[in-house]
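This is data.cif (mmCIF, C-alpha atoms).
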```
data_input
loop_
_atom_site.group_PDB
_atom_site.id
_atom_site.type_symbol
_atom_site.label_atom_id
_atom_site.label_comp_id
_atom_site.auth_asym_id
_atom_site.auth_seq_id
_atom_site.Cartn_x
_atom_site.Cartn_y
_atom_site.Cartn_z
ATOM 1 C CA MET A 1 22.074 22.905 202.184
ATOM 2 C CA SER A 2 20.747 23.929 198.781
ATOM 3 C CA ASP A 3 19.661 20.922 196.688
ATOM 4 C CA ASN A 4 20.149 22.522 193.262
ATOM 5 C CA ILE A 5 23.810 23.497 193.556
ATOM 6 C CA ASP A 6 26.673 21.161 192.721
ATOM 7 C CA PHE A 7 29.329 22.175 195.234
ATOM 8 C CA ASP A 8 32.031 20.241 193.378
ATOM 9 C CA ASN A 9 31.760 22.706 190.492
ATOM 10 C CA CYS A 10 31.994 25.912 192.502
ATOM 11 C CA LEU A 11 34.916 27.923 193.774
ATOM 12 C CA ASN A 12 35.983 26.402 197.108
ATOM 13 C CA TYR A 13 38.368 28.020 199.572
ATOM 14 C CA THR A 14 39.600 26.414 202.803
ATOM 15 C CA ILE A 15 40.190 28.894 205.642
ATOM 16 C CA GLN A 16 43.849 29.179 206.652
ATOM 17 C CA GLU A 17 43.554 31.325 209.801
ATOM 18 C CA ASN A 18 41.102 31.916 212.639
ATOM 19 C CA ASP A 19 38.646 34.701 213.372
ATOM 20 C CA LYS A 20 38.107 36.445 210.070
ATOM 21 C CA SER A 21 34.795 37.306 208.472
ATOM 22 C CA VAL A 22 33.508 35.840 205.216
ATOM 23 C CA LYS A 23 33.690 39.349 203.771
ATOM 24 C CA GLU A 24 37.364 39.695 204.724
ATOM 25 C CA ILE A 25 38.153 36.374 203.038
ATOM 26 C CA LEU A 26 36.374 37.344 199.812
ATOM 27 C CA LEU A 27 37.976 40.778 199.672
ATOM 28 C CA ASP A 28 41.469 40.135 201.043
ATOM 29 C CA GLU A 29 42.211 36.512 200.198
ATOM 30 C CA LEU A 30 40.250 36.016 196.973
ATOM 31 C CA ASN A 31 40.501 39.614 195.683
ATOM 32 C CA PHE A 32 36.788 39.907 194.923
ATOM 33 C CA SER A 33 35.505 43.410 194.286
ATOM 34 C CA ARG A 34 33.190 44.901 196.909
ATOM 35 C CA ARG A 35 30.441 45.126 194.312
ATOM 36 C CA LEU A 36 30.698 41.436 193.413
ATOM 37 C CA THR A 37 30.857 40.435 197.079
ATOM 38 C CA VAL A 38 27.624 42.296 197.900
ATOM 39 C CA LYS A 39 25.915 40.865 194.807
ATOM 40 C CA LEU A 40 26.874 37.311 195.762
ATOM 41 C CA GLU A 41 25.456 37.801 199.270
ATOM 42 C CA GLU A 42 22.216 39.302 197.949
ATOM 43 C CA ASN A 43 21.743 36.349 195.600
ATOM 44 C CA LYS A 44 22.640 33.833 198.343
ATOM 45 C CA LYS A 45 25.562 32.427 196.378
ATOM 46 C CA VAL A 46 28.064 32.303 199.253
ATOM 47 C CA PHE A 47 28.151 29.203 201.472
ATOM 48 C CA LEU A 48 30.036 28.204 204.599
ATOM 49 C CA ASN A 49 30.496 24.464 205.049
ATOM 50 C CA GLY A 50 27.642 23.890 202.592
ATOM 51 C CA LYS A 51 25.132 26.345 204.095
ATOM 52 C CA PRO A 52 24.203 29.875 202.914
ATOM 53 C CA VAL A 53 26.040 32.490 204.948
ATOM 54 C CA ARG A 54 26.102 36.253 205.522
ATOM 55 C CA LEU A 55 29.252 38.259 204.904
ATOM 56 C CA LYS A 56 29.657 39.209 208.569
ATOM 57 C CA LYS A 57 29.882 35.577 209.709
ATOM 58 C CA ARG A 58 33.194 34.700 211.422
ATOM 59 C CA VAL A 59 35.155 31.765 210.048
ATOM 60 C CA TYR A 60 37.872 29.523 211.444
ATOM 61 C CA ILE A 61 40.646 27.210 210.263
ATOM 62 C CA ASP A 62 39.457 24.369 207.987
ATOM 63 C CA ASP A 63 36.066 25.959 207.371
ATOM 64 C CA VAL A 64 35.232 25.916 203.659
ATOM 65 C CA ILE A 65 33.778 28.921 201.840
ATOM 66 C CA THR A 66 32.054 28.086 198.562
ATOM 67 C CA VAL A 67 31.073 30.621 195.927
ATOM 68 C CA TYR A 68 28.578 29.626 193.248
ATOM 69 C CA PHE A 69 28.556 31.329 189.850
ATOM 70 C CA GLU A 70 25.112 31.210 188.261
ATOM 71 C CA ASP A 71 26.120 31.161 184.612
ATOM 72 C CA GLU A 72 28.403 28.135 184.785
ATOM 73 C CA GLN A 73 25.964 25.700 183.166
ATOM 74 C CA LYS A 74 25.622 27.622 179.878
ATOM 75 C CA ASP A 75 27.930 26.772 177.029
ATOM 76 C CA GLU A 76 28.012 27.175 173.267
ATOM 77 C CA TYR A 77 30.315 24.281 172.333
ATOM 78 C CA ASP A 78 29.085 20.877 171.163
ATOM 79 C CA PRO A 79 30.554 17.946 173.105
ATOM 80 C CA VAL A 80 32.833 15.773 170.942
ATOM 81 C CA GLU A 81 34.874 12.853 172.248
ATOM 82 C CA ILE A 82 38.452 14.003 171.661
ATOM 83 C CA PRO A 83 41.317 12.630 173.799
ATOM 84 C CA LEU A 84 42.842 15.219 176.141
ATOM 85 C CA ASN A 85 46.368 15.160 177.539
ATOM 86 C CA ILE A 86 45.610 16.626 180.969
ATOM 87 C CA LEU A 87 48.621 18.137 182.720
ATOM 88 C CA TYR A 88 46.806 19.517 185.789
ATOM 89 C CA GLU A 89 43.279 19.826 187.134
ATOM 90 C CA ASP A 90 41.573 21.079 190.286
ATOM 91 C CA ASP A 91 38.293 22.828 191.169
ATOM 92 C CA SER A 92 39.562 26.043 189.581
ATOM 93 C CA MET A 93 41.135 25.087 186.282
ATOM 94 C CA LEU A 94 41.959 22.459 183.701
ATOM 95 C CA ILE A 95 45.364 22.587 181.968
ATOM 96 C CA VAL A 96 46.012 20.494 178.876
ATOM 97 C CA ASP A 97 48.804 19.818 176.395
ATOM 98 C CA LYS A 98 47.320 20.750 173.026
ATOM 99 C CA PRO A 99 48.634 18.627 170.155
ATOM 100 C CA PRO A 100 49.679 20.227 166.877
ATOM 101 C CA PHE A 101 47.023 20.665 164.159
ATOM 102 C CA MET A 102 44.213 21.155 166.693
ATOM 103 C CA VAL A 103 42.277 24.430 166.699
ATOM 104 C CA VAL A 104 41.561 25.819 170.164
ATOM 105 C CA HIS A 105 37.926 26.863 169.546
ATOM 106 C CA PRO A 106 35.438 26.449 166.654
ATOM 107 C CA THR A 107 35.881 28.398 163.422
ATOM 108 C CA LYS A 108 34.142 28.248 160.036
ATOM 109 C CA SER A 109 36.528 25.549 158.830
ATOM 110 C CA HIS A 110 36.817 23.718 162.177
ATOM 111 C CA PHE A 111 33.333 23.540 163.616
ATOM 112 C CA ASN A 112 33.443 20.657 166.094
ATOM 113 C CA ASP A 113 36.925 19.119 166.086
ATOM 114 C CA THR A 114 38.496 21.666 168.410
ATOM 115 C CA LEU A 115 40.009 21.624 171.882
ATOM 116 C CA ALA A 116 36.899 23.390 173.224
ATOM 117 C CA ASN A 117 34.677 20.581 171.897
ATOM 118 C CA GLY A 118 36.894 17.988 173.578
ATOM 119 C CA VAL A 119 36.836 19.874 176.866
ATOM 120 C CA ARG A 120 33.037 20.185 176.669
ATOM 121 C CA PHE A 121 32.776 16.386 176.278
ATOM 122 C CA TYR A 122 35.175 15.852 179.175
ATOM 123 C CA TYR A 123 33.252 18.257 181.416
ATOM 124 C CA ASP A 124 29.962 16.534 180.596
ATOM 125 C CA SER A 125 31.448 13.092 181.295
ATOM 126 C CA LYS A 126 32.611 14.315 184.732
ATOM 127 C CA ASN A 127 29.418 16.294 185.419
ATOM 128 C CA ILE A 128 31.418 19.529 185.550
ATOM 129 C CA LYS A 129 28.880 22.263 184.879
ATOM 130 C CA SER A 130 31.296 25.003 183.905
ATOM 131 C CA LYS A 131 31.618 27.270 180.925
ATOM 132 C CA ILE A 132 34.795 26.834 178.921
ATOM 133 C CA ARG A 133 36.898 29.920 179.560
ATOM 134 C CA LEU A 134 40.197 29.877 177.694
ATOM 135 C CA VAL A 135 42.889 31.791 179.553
ATOM 136 C CA ASN A 136 45.389 31.528 176.691
ATOM 137 C CA ARG A 137 45.287 30.386 173.076
ATOM 138 C CA LEU A 138 47.776 28.768 170.723
ATOM 139 C CA ASP A 139 47.866 28.766 166.929
ATOM 140 C CA MET A 140 46.547 25.582 165.318
ATOM 141 C CA ASN A 141 50.050 24.370 164.416
ATOM 142 C CA THR A 142 51.666 25.323 167.719
ATOM 143 C CA SER A 143 51.603 22.624 170.388
ATOM 144 C CA GLY A 144 51.676 22.934 174.152
ATOM 145 C CA ILE A 145 50.030 24.306 177.254
ATOM 146 C CA VAL A 146 46.495 25.716 177.251
ATOM 147 C CA ILE A 147 44.788 26.832 180.484
ATOM 148 C CA ILE A 148 41.000 26.634 180.850
ATOM 149 C CA ALA A 149 39.382 28.358 183.848
ATOM 150 C CA LYS A 150 36.357 26.726 185.465
ATOM 151 C CA ASN A 151 34.648 29.933 186.595
ATOM 152 C CA SER A 152 34.669 33.653 185.868
ATOM 153 C CA PHE A 153 36.693 34.577 188.949
ATOM 154 C CA ILE A 154 39.584 32.268 188.061
ATOM 155 C CA HIS A 155 39.432 33.431 184.444
ATOM 156 C CA ASN A 156 39.603 37.079 185.476
ATOM 157 C CA GLU A 157 42.465 36.510 187.908
ATOM 158 C CA LEU A 158 44.595 34.494 185.478
ATOM 159 C CA SER A 159 43.820 36.869 182.598
ATOM 160 C CA LYS A 160 44.960 39.732 184.818
ATOM 161 C CA GLN A 161 48.252 37.939 185.459
ATOM 162 C CA MET A 162 48.624 37.411 181.708
ATOM 163 C CA LYS A 163 48.022 41.096 180.956
ATOM 164 C CA GLU A 164 50.439 42.189 183.664
ATOM 165 C CA ASN A 165 53.052 39.792 182.207
ATOM 166 C CA THR A 166 53.572 38.074 185.562
ATOM 167 C CA VAL A 167 52.943 34.626 184.059
ATOM 168 C CA GLU A 168 56.259 33.041 183.079
ATOM 169 C CA LYS A 169 55.874 31.513 179.614
ATOM 170 C CA TYR A 170 58.543 29.350 177.989
ATOM 171 C CA TYR A 171 58.575 27.926 174.474
ATOM 172 C CA TYR A 172 60.903 25.733 172.463
ATOM 173 C CA ALA A 173 61.488 26.449 168.789
ATOM 174 C CA ILE A 174 63.738 24.982 166.127
ATOM 175 C CA ALA A 175 65.096 27.891 164.129
ATOM 176 C CA GLU A 176 66.663 27.888 160.699
ATOM 177 C CA GLY A 177 70.424 28.417 160.585
ATOM 178 C CA THR A 178 73.047 28.521 163.323
ATOM 179 C CA ILE A 179 72.570 31.176 165.997
ATOM 180 C CA ILE A 180 76.067 32.002 167.235
ATOM 181 C CA GLN A 181 75.153 33.954 170.382
ATOM 182 C CA ASP A 182 74.333 31.597 173.278
ATOM 183 C CA SER A 183 71.588 33.864 174.587
ATOM 184 C CA GLY A 184 70.003 37.180 173.815
ATOM 185 C CA THR A 185 66.960 39.426 173.885
ATOM 186 C CA ILE A 186 64.878 40.562 170.938
ATOM 187 C CA ASN A 187 63.215 43.882 171.755
ATOM 188 C CA ALA A 188 61.254 44.944 168.690
ATOM 189 C CA PRO A 189 57.663 46.274 168.388
ATOM 190 C CA ILE A 190 55.220 44.194 166.358
ATOM 191 C CA ALA A 191 52.343 45.560 164.303
ATOM 192 C CA ARG A 192 49.750 44.431 161.773
ATOM 193 C CA LEU A 193 50.098 46.973 158.972
ATOM 194 C CA ASN A 194 46.869 45.984 157.224
ATOM 195 C CA GLU A 195 43.721 45.132 159.156
ATOM 196 C CA ASP A 196 42.983 42.211 156.832
ATOM 197 C CA ASP A 197 46.475 40.718 157.091
ATOM 198 C CA ILE A 198 47.175 37.616 159.147
ATOM 199 C CA MET A 199 50.894 38.369 159.167
ATOM 200 C CA ARG A 200 52.558 40.668 161.660
ATOM 201 C CA VAL A 201 55.799 42.579 161.146
ATOM 202 C CA VAL A 202 58.377 44.393 163.208
ATOM 203 C CA ASP A 203 57.438 48.055 162.878
ATOM 204 C CA SER A 204 57.893 51.179 164.985
ATOM 205 C CA SER A 205 54.108 51.691 165.009
ATOM 206 C CA GLY A 206 53.558 48.436 166.887
ATOM 207 C CA LYS A 207 53.289 47.520 170.548
ATOM 208 C CA GLU A 208 56.309 46.719 172.684
ATOM 209 C CA CYS A 209 57.421 43.101 172.312
ATOM 210 C CA ILE A 210 60.274 41.421 174.190
ATOM 211 C CA THR A 211 61.497 37.858 173.684
ATOM 212 C CA HIS A 212 64.444 36.306 175.527
ATOM 213 C CA TYR A 213 66.168 33.281 174.021
ATOM 214 C CA GLU A 214 68.752 30.700 175.032
ATOM 215 C CA VAL A 215 70.490 28.282 172.669
ATOM 216 C CA ILE A 216 69.977 24.672 173.816
ATOM 217 C CA ASP A 217 71.634 22.898 170.881
ATOM 218 C CA ARG A 218 72.939 23.471 167.362
ATOM 219 C CA PHE A 219 72.692 20.813 164.635
ATOM 220 C CA ASN A 220 72.440 20.478 160.832
ATOM 221 C CA ASP A 221 72.142 24.207 160.166
ATOM 222 C CA MET A 222 69.388 24.491 162.782
ATOM 223 C CA THR A 223 69.259 25.815 166.340
ATOM 224 C CA LEU A 224 67.098 24.535 169.198
ATOM 225 C CA LEU A 225 66.007 27.506 171.302
ATOM 226 C CA ARG A 226 64.307 27.934 174.656
ATOM 227 C CA LEU A 227 62.431 31.224 174.645
ATOM 228 C CA LYS A 228 60.842 33.253 177.416
ATOM 229 C CA LEU A 229 58.107 35.715 176.552
ATOM 230 C CA GLU A 230 58.183 38.956 178.500
ATOM 231 C CA THR A 231 55.174 40.173 176.500
ATOM 232 C CA GLY A 232 52.513 38.092 174.791
ATOM 233 C CA ARG A 233 51.650 39.368 171.311
ATOM 234 C CA THR A 234 50.139 37.403 168.449
ATOM 235 C CA HIS A 235 52.838 35.477 166.513
ATOM 236 C CA GLN A 236 55.498 37.155 168.677
ATOM 237 C CA ILE A 237 58.120 34.395 168.571
ATOM 238 C CA ARG A 238 57.523 33.682 164.899
ATOM 239 C CA VAL A 239 57.901 37.354 163.934
ATOM 240 C CA HIS A 240 60.889 37.988 166.180
ATOM 241 C CA LEU A 241 62.854 34.986 164.900
ATOM 242 C CA LYS A 242 62.167 35.993 161.316
ATOM 243 C CA HIS A 243 63.338 39.508 162.240
ATOM 244 C CA ILE A 244 66.774 38.195 163.303
ATOM 245 C CA ARG A 245 66.922 36.097 160.106
ATOM 246 C CA HIS A 246 66.432 32.759 161.856
ATOM 247 C CA PRO A 247 62.768 31.929 161.168
ATOM 248 C CA ILE A 248 61.190 28.789 162.617
ATOM 249 C CA ILE A 249 61.519 25.746 160.372
ATOM 250 C CA GLY A 250 58.242 24.596 158.826
ATOM 251 C CA ASP A 251 56.579 27.977 159.387
ATOM 252 C CA THR A 252 54.779 28.474 156.067
ATOM 253 C CA LEU A 253 53.602 31.968 157.033
ATOM 254 C CA TYR A 254 56.943 33.467 158.045
ATOM 255 C CA ASN A 255 59.330 30.999 156.390
ATOM 256 C CA LYS A 256 58.746 28.036 154.038
ATOM 257 C CA GLU A 257 57.734 24.395 154.088
ATOM 258 C CA SER A 258 60.153 21.852 155.535
ATOM 259 C CA SER A 259 60.695 18.168 154.794
ATOM 260 C CA LEU A 260 61.486 17.639 158.482
ATOM 261 C CA ILE A 261 58.189 18.798 159.974
ATOM 262 C CA ASN A 262 54.811 19.723 158.496
ATOM 263 C CA ARG A 263 54.121 22.673 160.801
ATOM 264 C CA GLN A 264 56.046 25.435 162.542
ATOM 265 C CA ALA A 265 58.423 23.828 165.056
ATOM 266 C CA LEU A 266 57.086 25.751 168.056
ATOM 267 C CA HIS A 267 55.977 24.284 171.382
ATOM 268 C CA CYS A 268 54.699 25.966 174.551
ATOM 269 C CA SER A 269 56.618 23.930 177.107
ATOM 270 C CA GLU A 270 56.213 25.648 180.483
ATOM 271 C CA MET A 271 53.976 28.108 182.324
ATOM 272 C CA SER A 272 54.353 29.328 185.885
ATOM 273 C CA PHE A 273 51.910 31.551 187.758
ATOM 274 C CA ILE A 274 50.300 32.253 191.114
ATOM 275 C CA HIS A 275 47.278 30.063 191.795
ATOM 276 C CA PRO A 276 44.365 32.461 192.499
ATOM 277 C CA ILE A 277 43.047 30.318 195.365
ATOM 278 C CA THR A 278 46.074 28.810 197.110
ATOM 279 C CA LYS A 279 48.325 31.823 196.328
ATOM 280 C CA LYS A 280 51.120 29.318 195.691
ATOM 281 C CA TRP A 281 53.450 29.453 192.694
ATOM 282 C CA ILE A 282 52.511 26.664 190.299
ATOM 283 C CA LYS A 283 54.620 25.363 187.411
ATOM 284 C CA ILE A 284 53.182 23.332 184.517
ATOM 285 C CA GLU A 285 55.385 21.538 181.990
ATOM 286 C CA ALA A 286 54.608 19.831 178.679
ATOM 287 C CA ASP A 287 57.047 17.397 177.082
ATOM 288 C CA PHE A 288 58.248 17.713 173.468
ATOM 289 C CA PRO A 289 55.740 16.395 170.906
ATOM 290 C CA GLU A 290 56.843 13.477 168.740
ATOM 291 C CA ASP A 291 57.711 15.561 165.650
ATOM 292 C CA PHE A 292 60.091 17.670 167.777
ATOM 293 C CA LYS A 293 61.706 14.553 169.211
ATOM 294 C CA ARG A 294 62.255 13.079 165.735
ATOM 295 C CA ILE A 295 64.155 16.150 164.529
ATOM 296 C CA ILE A 296 66.331 16.312 167.637
ATOM 297 C CA LYS A 297 67.028 12.547 167.600
ATOM 298 C CA ASN A 298 67.918 12.463 163.909
#
```

Kindly return the structure encoded in the file as structure tokens.
Amino acid sequence: MSDNIDFDNCLNYTIQENDKSVKEILLDELNFSRRLTVKLEENKKVFLNGKPVRLKKRVYIDDVITVYFEDEQKDEYDPVEIPLNILYEDDSMLIVDKPPFMVVHPTKSHFNDTLANGVRFYYDSKNIKSKIRLVNRLDMNTSGIVIIAKNSFIHNELSKQMKENTVEKYYYAIAEGTIIQDSGTINAPIARLNEDDIMRVVDSSGKECITHYEVIDRFNDMTLLRLKLETGRTHQIRVHLKHIRHPIIGDTLYNKESSLINRQALHCSEMSFIHPITKKWIKIEADFPEDFKRIIKN
């Protein structure tokens, strides 16, 4: 066994059926490219039950194939002790519930108080030698689910699912006014008309954008919505709700300030996708943040 590899921080796959080759597992079960598979063998980064192995080696039920990614110990984020609300974790990924007002990764105005800094501290405390690879991002004032992949393979596979729109993404929003229709679909292209603009608008020059919504409750000239994204464009829900004249309360970019909440009332509540290793459908849920609960309760 190699002494300089931490097998807890690699991609591990337990064999589910007898008499297949390592190569067949990497290509058919893990969807590795042939080029990557050959490169991993040449660099002796594929292991069977903790020992380096050739691609032609036969494997059997309960054997464990481990793939080591060389670049996992490099990272550009400073570790900062920031509490994380962890919703799910395994060898492949870390999924957290991001609170409102937290930036996902460092910017000029938020250098080391971001989610990435908190994850870096957490990884270091657990001796997880992985780069921080964000699969999805949320605006600073949007709360909810953020997925962080622990290696490049998982990142690529989940990003592919995101691009193909096979990840089911659900949000809750509190919209201004009373939406009469119990459910509906907003199908309107979104564009950024000026390269320097932060705002997006519905415009025929934009990319296809589809948002499905369902009314959960109506109260005090507001509507609680559950929304499913069929596409995933920047500010999609915020732009689409403004387009139907029911902008999100507290959204200072697409609406106005609110005395009820000091941010846009938008929360990423649920994500479902196929786990790249187990191939099982996985569902992650994040409860309402406290500011949401206060509005609904009152």

For each of A:Val104, A:Lys256, A:Gly184, A:Phe153, take the minimum atom-to-atom distance to Asn12 in chain A, counting all atoms listed in the file, then give the residue where this is smallest.
->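 Of all the options, A:Phe153 lies closest to Asn12 in chain A.
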
List the residues matched by the PyMOL selection byres ((chain A and resi 265) around 9) in the displayed structure as a ChimeraX atom specification, ordered by chain and then by residue number.
-> /A:141-143,172-175,248-251,261-264,266-267,291-292

Writer output for current selection, C-alpha atoms, as a PDB file, in the frame of the given file:
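Below is the file that was written, again-v1.pdb:
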```pdb
ATOM      1  CA  ASN A 141      50.050  24.370 164.416  1.00  0.00           C
ATOM      2  CA  THR A 142      51.666  25.323 167.719  1.00  0.00           C
ATOM      3  CA  SER A 143      51.603  22.624 170.388  1.00  0.00           C
ATOM      4  CA  TYR A 172      60.903  25.733 172.463  1.00  0.00           C
ATOM      5  CA  ALA A 173      61.488  26.449 168.789  1.00  0.00           C
ATOM      6  CA  ILE A 174      63.738  24.982 166.127  1.00  0.00           C
ATOM      7  CA  ALA A 175      65.096  27.891 164.129  1.00  0.00           C
ATOM      8  CA  ILE A 248      61.190  28.789 162.617  1.00  0.00           C
ATOM      9  CA  ILE A 249      61.519  25.746 160.372  1.00  0.00           C
ATOM     10  CA  GLY A 250      58.242  24.596 158.826  1.00  0.00           C
ATOM     11  CA  ASP A 251      56.579  27.977 159.387  1.00  0.00           C
ATOM     12  CA  ILE A 261      58.189  18.798 159.974  1.00  0.00           C
ATOM     13  CA  ASN A 262      54.811  19.723 158.496  1.00  0.00           C
ATOM     14  CA  ARG A 263      54.121  22.673 160.801  1.00  0.00           C
ATOM     15  CA  GLN A 264      56.046  25.435 162.542  1.00  0.00           C
ATOM     16  CA  LEU A 266      57.086  25.751 168.056  1.00  0.00           C
ATOM     17  CA  HIS A 267      55.977  24.284 171.382  1.00  0.00           C
ATOM     18  CA  ASP A 291      57.711  15.561 165.650  1.00  0.00           C
ATOM     19  CA  PHE A 292      60.091  17.670 167.777  1.00  0.00           C
TER      20      PHE A 292
END
```

Exercise: Thr185 in chain A partners within 12 Å, all atoms listed in the file, chain neighbours under 5 positions left out, as a list in words = Cys209, Ile210, Thr211, His212, Tyr213, Glu214, Val215, Arg226, Leu227, Lys228, Leu229, Glu230, Ile237, His240, Leu241 and Ile244 of chain A

Pick from A:Leu224, A:Val135, A:Leu115, A:Val103: nearest to Val167 in chain A, with all atoms listed in the file counted?
->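 When distances to Val167 in chain A are compared using all atoms listed in the file, the smallest one comes from A:Val135.
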
Between CA of His243 in chain A and CA of Asn187 in chain A, what is the distance, to one decimal in Å?
->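 Going from CA of His243 in chain A over to CA of Asn187 in chain A, I get 10.5 Å.
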
Kindly indicate which residue among A:Glu81, A:Glu176, A:Asp63, A:Glu29 lies nearest to Phe219 in chain A, using all atoms listed in the file for the distances.
->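 Under the stated criterion, the closest residue is A:Glu176.
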
What does the distance from CA of Lys23 in chain A to CA of Ser159 in chain A come to in Å, to one decimal?
->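 These atoms are spaced 23.6 Å apart.
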
Selected residue, from A:Val201, A:Glu290, A:Ile284, A:Ile295, that lies nearest to Tyr88 in chain A when counting only C-alpha atoms =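 Ranked by minimum distance to Tyr88 in chain A, first place goes to A:Ile284.
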
The PyMOL selection byres ((chain A and resi 15) around 7) applied to the shown file, residues as a ChimeraX atom specification = /A:13-14,16-17,60-64

In Å to one decimal, how far is CA of Gly232 in chain A from CA of Glu208 in chain A?
->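 Distance between the two atoms: 9.7 Å.
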
Using all atoms listed in the file, determine which residues lie at most 12 Å from range 195-199 of chain A, disregarding the query and same-chain residues fewer than 6 positions distant; provide the list as a PyMOL selection string.
-> chain A and resi 139+234-236+238-239+242+251-255

Among listed residues A:Asp28, A:Gly206, A:Ser258, A:Glu157, nearest Ile274 in chain A (using all atoms listed in the file) | A:Glu157

Can you tell me which residues surround Asn85 in chain A at a distance of at most 12 Å, considering all atoms listed in the file, apart from same-chain residues fewer than 5 positions away, and format the answer as a tab-separated table (two decimals) with C-alpha atoms, keeping the file's coordinate frame?
```tsv
chain	number	residue	atom	x	y	z
A	94	LEU	CA	41.96	22.46	183.70
A	95	ILE	CA	45.36	22.59	181.97
A	96	VAL	CA	46.01	20.49	178.88
A	97	ASP	CA	48.80	19.82	176.40
A	98	LYS	CA	47.32	20.75	173.03
A	99	PRO	CA	48.63	18.63	170.16
A	115	LEU	CA	40.01	21.62	171.88
A	118	GLY	CA	36.89	17.99	173.58
A	119	VAL	CA	36.84	19.87	176.87
A	122	TYR	CA	35.17	15.85	179.18
A	143	SER	CA	51.60	22.62	170.39
A	144	GLY	CA	51.68	22.93	174.15
A	145	ILE	CA	50.03	24.31	177.25
A	146	VAL	CA	46.50	25.72	177.25
A	285	GLU	CA	55.38	21.54	181.99
A	286	ALA	CA	54.61	19.83	178.68
A	287	ASP	CA	57.05	17.40	177.08
A	289	PRO	CA	55.74	16.40	170.91
```

Written coordinates, N, CA and C atoms of range 220-234 of chain A as a compact mmCIF listing (two decimals), in the first residue's frame:
```
# COMPACT_ATOMS: atom_id res chain seq x y z
N ASN A 220 -51.88 38.45 3.81
CA ASN A 220 -51.47 39.86 3.92
C ASN A 220 -50.88 40.42 2.63
N ASP A 221 -51.58 40.23 1.53
CA ASP A 221 -51.13 40.74 0.23
C ASP A 221 -49.77 40.16 -0.17
N MET A 222 -49.53 38.93 0.23
CA MET A 222 -48.31 38.21 -0.15
C MET A 222 -48.69 36.78 -0.51
N THR A 223 -47.82 36.13 -1.27
CA THR A 223 -48.06 34.74 -1.67
C THR A 223 -46.80 33.91 -1.44
N LEU A 224 -46.95 32.81 -0.71
CA LEU A 224 -45.85 31.87 -0.52
C LEU A 224 -45.87 30.87 -1.66
N LEU A 225 -44.76 30.80 -2.39
CA LEU A 225 -44.66 29.96 -3.58
C LEU A 225 -43.60 28.88 -3.41
N ARG A 226 -43.88 27.72 -3.98
CA ARG A 226 -42.86 26.68 -4.17
C ARG A 226 -42.57 26.64 -5.66
N LEU A 227 -41.31 26.80 -6.02
CA LEU A 227 -40.94 26.93 -7.42
C LEU A 227 -39.97 25.83 -7.83
N LYS A 228 -40.16 25.31 -9.01
CA LYS A 228 -39.25 24.32 -9.58
C LYS A 228 -38.58 24.91 -10.80
N LEU A 229 -37.26 24.87 -10.80
CA LEU A 229 -36.50 25.39 -11.94
C LEU A 229 -36.30 24.30 -12.98
N GLU A 230 -36.76 24.55 -14.19
CA GLU A 230 -36.48 23.62 -15.29
C GLU A 230 -35.16 23.99 -15.95
N THR A 231 -34.82 25.27 -15.90
CA THR A 231 -33.51 25.76 -16.34
C THR A 231 -32.88 26.48 -15.15
N GLY A 232 -31.60 26.78 -15.25
CA GLY A 232 -30.92 27.42 -14.13
C GLY A 232 -30.12 28.64 -14.55
N ARG A 233 -30.80 29.75 -14.79
CA ARG A 233 -30.13 30.99 -15.19
C ARG A 233 -29.93 31.91 -13.98
N THR A 234 -28.98 32.79 -14.10
CA THR A 234 -28.73 33.77 -13.05
C THR A 234 -29.97 34.61 -12.78
```
